[in-house]
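Below is one structure; the comments refer to it alone.
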Amino acid sequence: MTTLPQSTDKKLGLVIDLDTCVGCHACVISCKEWNTSNYGAPLSDVDAYGGNPVGTFLNRVHSFEVKQENKPAQVTHFPKSCLHCEDAPCVTVCPTGASYKRTEDGIVLVNESDCIGCGLCAWSCPYGAREMDALEGVMKKCTLCVDRIYNENIPERDRVPSCVRTCPAGARHFGDLGDPDSDVSKLVAERGGMDLMPEQGTKPVNKYLPPRPKADVEEIDVLAPFLQRQDEEAGGFLGWLDRTLEKL
Amino acid sequence: MHPAPSVIIFTTMSGLGLGLMVFLGLGFLDVSGFVAFVFVAIAFALLGGGLLSSLFHLGHPERFIKALRQWRSSWLSREGVLSFVTMGLFGLYALLWIFWDMRIGWLGLLAAASALLTVFATSMIYAQMKSIPRWNSFLTPAMFLLYALAGGALLAAQSYVAGLLFLLLVPLQVIVWVVGDRAFGATGSDMGTATGLGNLGKVRLLEKPHSGTNYLMKEMVYVIGRKHAAKLRLFALVFGSLLPASLLLFFPHSMSIAFAAIAIHLVGLFAQRWLFFAEAEHVVGLYYGQR
């Protein structure tokens, strides 16, 4: 059925910290790698090494500039993937029932063997979270790495979405946003986590943490460049090599 | 939105065929035998051809039968189911009409109602899209229904009725455009709400996620050709409804006038439907600094 569940036992989702994200695109690459080689059809690239490369991605990082008058511009890197909305319009428009929201954890998934590739779900998503695969002709979207998070064949610390596991800045958090006592819910409460385009009425589960206000930098410590360098003494083999070469 | 030829052909052809079925089902056109067969065949060819064309829009056309399952929630599914119901009802009505010269009133009425509902379901596929403000209005079904009815009346050789319907279409089409032009602004969605950064200052896209294009941009951020929109609108209005209305209302009714009106309307209809897609802005464009 492509009707939405009344409620879900859990609301698994991501919390993305726009203050911490450095825009390295590591989450984009790790997402592509995991999801092209595991659950479902691979994420194809067309003309990958040619002049007009186009490919399917489930996660993309945009960069925005926010500017207030008479103040320096602030750059925010903005990763965007499926928000696993509570009122997901992509689910109800599906004519085959291929697109569905799971009752147990709220993850929005596509059953690829039922997908006719009509593209209507991608039209209905305000966030551009779904992309039709050019070679497979089926709709691809973030699965919240459903094949990792419950996977008992991989070490426990790896049982989080690939993007979360790989983020070197710690800007991505995964958890149950339906549980007010979970770490992610506390983080959202503390930092004022927000919805994207709330006026669309989709009730996204994923939250974004706004950039912290920047203190206006007026003074620079002019003495800093004159501080003496503190070279560390190298140890081990390199230390021995260093001392030996010094003696020669 | 990308104006895919398969979808333009589908909505125009199936709309005309269903419109024709409405008028034939309501008992218009006092013919029988072979002439009745010709009209029925035209209606089926238009609807069937349209549906066939829509299959080319699918990534997996061989699975189309699965699309009939979710009629409880999906307008696309309802449209599919209703198309088949209409074909069944109208087919039975037409068989009795052609071979036994029996036009069963209630059966025809049922077929006509089903045909109208099918057009309505098609229009709701677009009108339900909150993410595409220009379509997200009751004007979308009104516009689809009136185009189908006017074209159907014309094909059913009801010159006077068709003329009046085309005359009604002129102001409706203008209203659709005027209201549509304001729809995006009225949603309140902008780059500030899309990124949630609006309260920190003025937001602009600094860098796209990638140097090339992608499925989203090709499908939903279609901006090519919009610069000719004003000219095409005039063209669509004159050829789609104004000229056919004038021909049918102010000229003596004849076969050649009717055929001229059909040809002119078809050209205008294609222009109108092309604009319907090409001019529709998807809110996802906000993430790409475009509309």
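FYI, nothing fancy with the structure tokens labels: chains A, B, ... in order, residues from 1 per chain, ligands from 1 as they appear.
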
Practice task
At a cut-off of 7 Å, list the chain A residues touching chain B, using only C-alpha atoms, as a PyMOL selection string.
Solution key: chain A and resi 1-3+52-55+60-68+92-97+116-118+124-128+131-132+137-138+194+196-197+200

Could you name the residues that touch Arg165 (chain A) at 12 Å or less, counting only C-alpha atoms, but leaving out those on the same chain fewer than 2 positions away, as a PDB file with N, CA and C atoms, in the first residue's frame?
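Everything below was put into result_36.pdb:
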```pdb
ATOM      1  N   LEU A  14      18.598  11.433  10.183  1.00  0.00           N
ATOM      2  CA  LEU A  14      19.903  12.068  10.322  1.00  0.00           C
ATOM      3  C   LEU A  14      19.747  13.463  10.912  1.00  0.00           C
ATOM      4  N   ALA A  26      33.036  13.884   1.340  1.00  0.00           N
ATOM      5  CA  ALA A  26      33.363  12.490   1.656  1.00  0.00           C
ATOM      6  C   ALA A  26      32.085  11.671   1.808  1.00  0.00           C
ATOM      7  N   CYS A  27      31.034  12.280   2.364  1.00  0.00           N
ATOM      8  CA  CYS A  27      29.768  11.553   2.532  1.00  0.00           C
ATOM      9  C   CYS A  27      29.156  11.201   1.184  1.00  0.00           C
ATOM     10  N   VAL A  28      29.349  12.080   0.201  1.00  0.00           N
ATOM     11  CA  VAL A  28      28.817  11.836  -1.146  1.00  0.00           C
ATOM     12  C   VAL A  28      29.476  10.602  -1.745  1.00  0.00           C
ATOM     13  N   SER A  30      31.272   8.192  -0.117  1.00  0.00           N
ATOM     14  CA  SER A  30      31.079   6.938   0.618  1.00  0.00           C
ATOM     15  C   SER A  30      29.661   6.417   0.389  1.00  0.00           C
ATOM     16  N   CYS A  31      28.694   7.336   0.241  1.00  0.00           N
ATOM     17  CA  CYS A  31      27.319   6.938  -0.038  1.00  0.00           C
ATOM     18  C   CYS A  31      27.248   6.236  -1.384  1.00  0.00           C
ATOM     19  N   TRP A  34      28.964   2.728  -1.143  1.00  0.00           N
ATOM     20  CA  TRP A  34      28.203   1.698  -0.445  1.00  0.00           C
ATOM     21  C   TRP A  34      26.954   1.301  -1.239  1.00  0.00           C
ATOM     22  N   LEU A 144      18.834   5.146   4.061  1.00  0.00           N
ATOM     23  CA  LEU A 144      19.387   5.303   5.403  1.00  0.00           C
ATOM     24  C   LEU A 144      20.303   4.103   5.713  1.00  0.00           C
ATOM     25  N   CYS A 145      20.869   3.569   4.627  1.00  0.00           N
ATOM     26  CA  CYS A 145      21.747   2.393   4.705  1.00  0.00           C
ATOM     27  C   CYS A 145      21.095   1.291   5.520  1.00  0.00           C
ATOM     28  N   ARG A 148      23.038  -1.629   6.377  1.00  0.00           N
ATOM     29  CA  ARG A 148      24.161  -1.492   7.330  1.00  0.00           C
ATOM     30  C   ARG A 148      23.652  -1.459   8.768  1.00  0.00           C
ATOM     31  N   ILE A 149      22.584  -0.664   8.985  1.00  0.00           N
ATOM     32  CA  ILE A 149      22.224  -0.339  10.365  1.00  0.00           C
ATOM     33  C   ILE A 149      21.703  -1.550  11.148  1.00  0.00           C
ATOM     34  N   PRO A 155      31.056  -4.968  12.032  1.00  0.00           N
ATOM     35  CA  PRO A 155      31.302  -4.517  13.403  1.00  0.00           C
ATOM     36  C   PRO A 155      30.248  -3.495  13.848  1.00  0.00           C
ATOM     37  N   GLU A 156      29.967  -3.482  15.139  1.00  0.00           N
ATOM     38  CA  GLU A 156      28.878  -2.668  15.648  1.00  0.00           C
ATOM     39  C   GLU A 156      29.053  -1.183  15.338  1.00  0.00           C
ATOM     40  N   ARG A 157      30.273  -0.706  15.376  1.00  0.00           N
ATOM     41  CA  ARG A 157      30.477   0.732  15.153  1.00  0.00           C
ATOM     42  C   ARG A 157      30.208   1.120  13.698  1.00  0.00           C
ATOM     43  N   ASP A 158      30.162   0.106  12.801  1.00  0.00           N
ATOM     44  CA  ASP A 158      29.865   0.387  11.402  1.00  0.00           C
ATOM     45  C   ASP A 158      28.360   0.362  11.120  1.00  0.00           C
ATOM     46  N   ARG A 159      27.553   0.025  12.139  1.00  0.00           N
ATOM     47  CA  ARG A 159      26.115  -0.095  11.887  1.00  0.00           C
ATOM     48  C   ARG A 159      25.402   1.256  11.955  1.00  0.00           C
ATOM     49  N   VAL A 160      25.904   2.177  11.174  1.00  0.00           N
ATOM     50  CA  VAL A 160      25.292   3.503  10.990  1.00  0.00           C
ATOM     51  C   VAL A 160      25.371   3.776   9.484  1.00  0.00           C
ATOM     52  N   PRO A 161      24.578   4.725   8.989  1.00  0.00           N
ATOM     53  CA  PRO A 161      24.674   5.023   7.561  1.00  0.00           C
ATOM     54  C   PRO A 161      26.106   5.360   7.144  1.00  0.00           C
ATOM     55  N   SER A 162      26.435   4.989   5.911  1.00  0.00           N
ATOM     56  CA  SER A 162      27.792   5.150   5.413  1.00  0.00           C
ATOM     57  C   SER A 162      28.277   6.606   5.513  1.00  0.00           C
ATOM     58  N   CYS A 163      27.370   7.550   5.244  1.00  0.00           N
ATOM     59  CA  CYS A 163      27.749   8.973   5.272  1.00  0.00           C
ATOM     60  C   CYS A 163      28.135   9.410   6.686  1.00  0.00           C
ATOM     61  N   CYS A 167      32.028  10.654   7.824  1.00  0.00           N
ATOM     62  CA  CYS A 167      32.214  12.101   7.966  1.00  0.00           C
ATOM     63  C   CYS A 167      33.394  12.424   8.873  1.00  0.00           C
ATOM     64  N   PRO A 168      34.457  13.040   8.326  1.00  0.00           N
ATOM     65  CA  PRO A 168      35.648  13.307   9.138  1.00  0.00           C
ATOM     66  C   PRO A 168      35.439  14.454  10.124  1.00  0.00           C
ATOM     67  N   ALA A 169      34.414  15.255   9.905  1.00  0.00           N
ATOM     68  CA  ALA A 169      34.187  16.414  10.774  1.00  0.00           C
ATOM     69  C   ALA A 169      33.185  16.107  11.880  1.00  0.00           C
ATOM     70  N   GLY A 170      32.551  14.956  11.819  1.00  0.00           N
ATOM     71  CA  GLY A 170      31.519  14.632  12.806  1.00  0.00           C
ATOM     72  C   GLY A 170      30.292  15.511  12.651  1.00  0.00           C
ATOM     73  N   ALA A 171      29.985  15.864  11.402  1.00  0.00           N
ATOM     74  CA  ALA A 171      28.856  16.764  11.162  1.00  0.00           C
ATOM     75  C   ALA A 171      27.551  16.010  10.950  1.00  0.00           C
ATOM     76  N   ARG A 172      27.614  14.682  10.904  1.00  0.00           N
ATOM     77  CA  ARG A 172      26.401  13.904  10.640  1.00  0.00           C
ATOM     78  C   ARG A 172      26.132  12.963  11.804  1.00  0.00           C
ATOM     79  N   HIS A 173      24.885  12.955  12.250  1.00  0.00           N
ATOM     80  CA  HIS A 173      24.497  12.111  13.384  1.00  0.00           C
ATOM     81  C   HIS A 173      23.298  11.278  13.000  1.00  0.00           C
ATOM     82  N   PHE A 174      23.251  10.046  13.504  1.00  0.00           N
ATOM     83  CA  PHE A 174      22.173   9.134  13.155  1.00  0.00           C
ATOM     84  C   PHE A 174      21.506   8.636  14.428  1.00  0.00           C
TER      85      PHE A 174
END
```

Exercise for the section: Please give the complete set of residues from region 43-168 of chain A that DSSP, run on the backbone, assigns to strand (DSSP E or B), formatted as an MDAnalysis selection string. Expected result: chainID A and resid 45:46 54:55 59:67 74:81 99:101 108:110 131:132 139:140

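We find CA of Gly178 (chain A) and CA of Gln6 (chain A) to be spaced 13.8 Å apart.
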
Practice task
Would you work out the distance separating CA of Pro198 (chain A) from CA of Ile16 (chain A), expressed in Å to one decimal?
Solution key: 16.5 Å

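Between CA of Thr20 (chain A) and CA of Leu223 (chain A) the interatomic distance comes to 28.6 Å.
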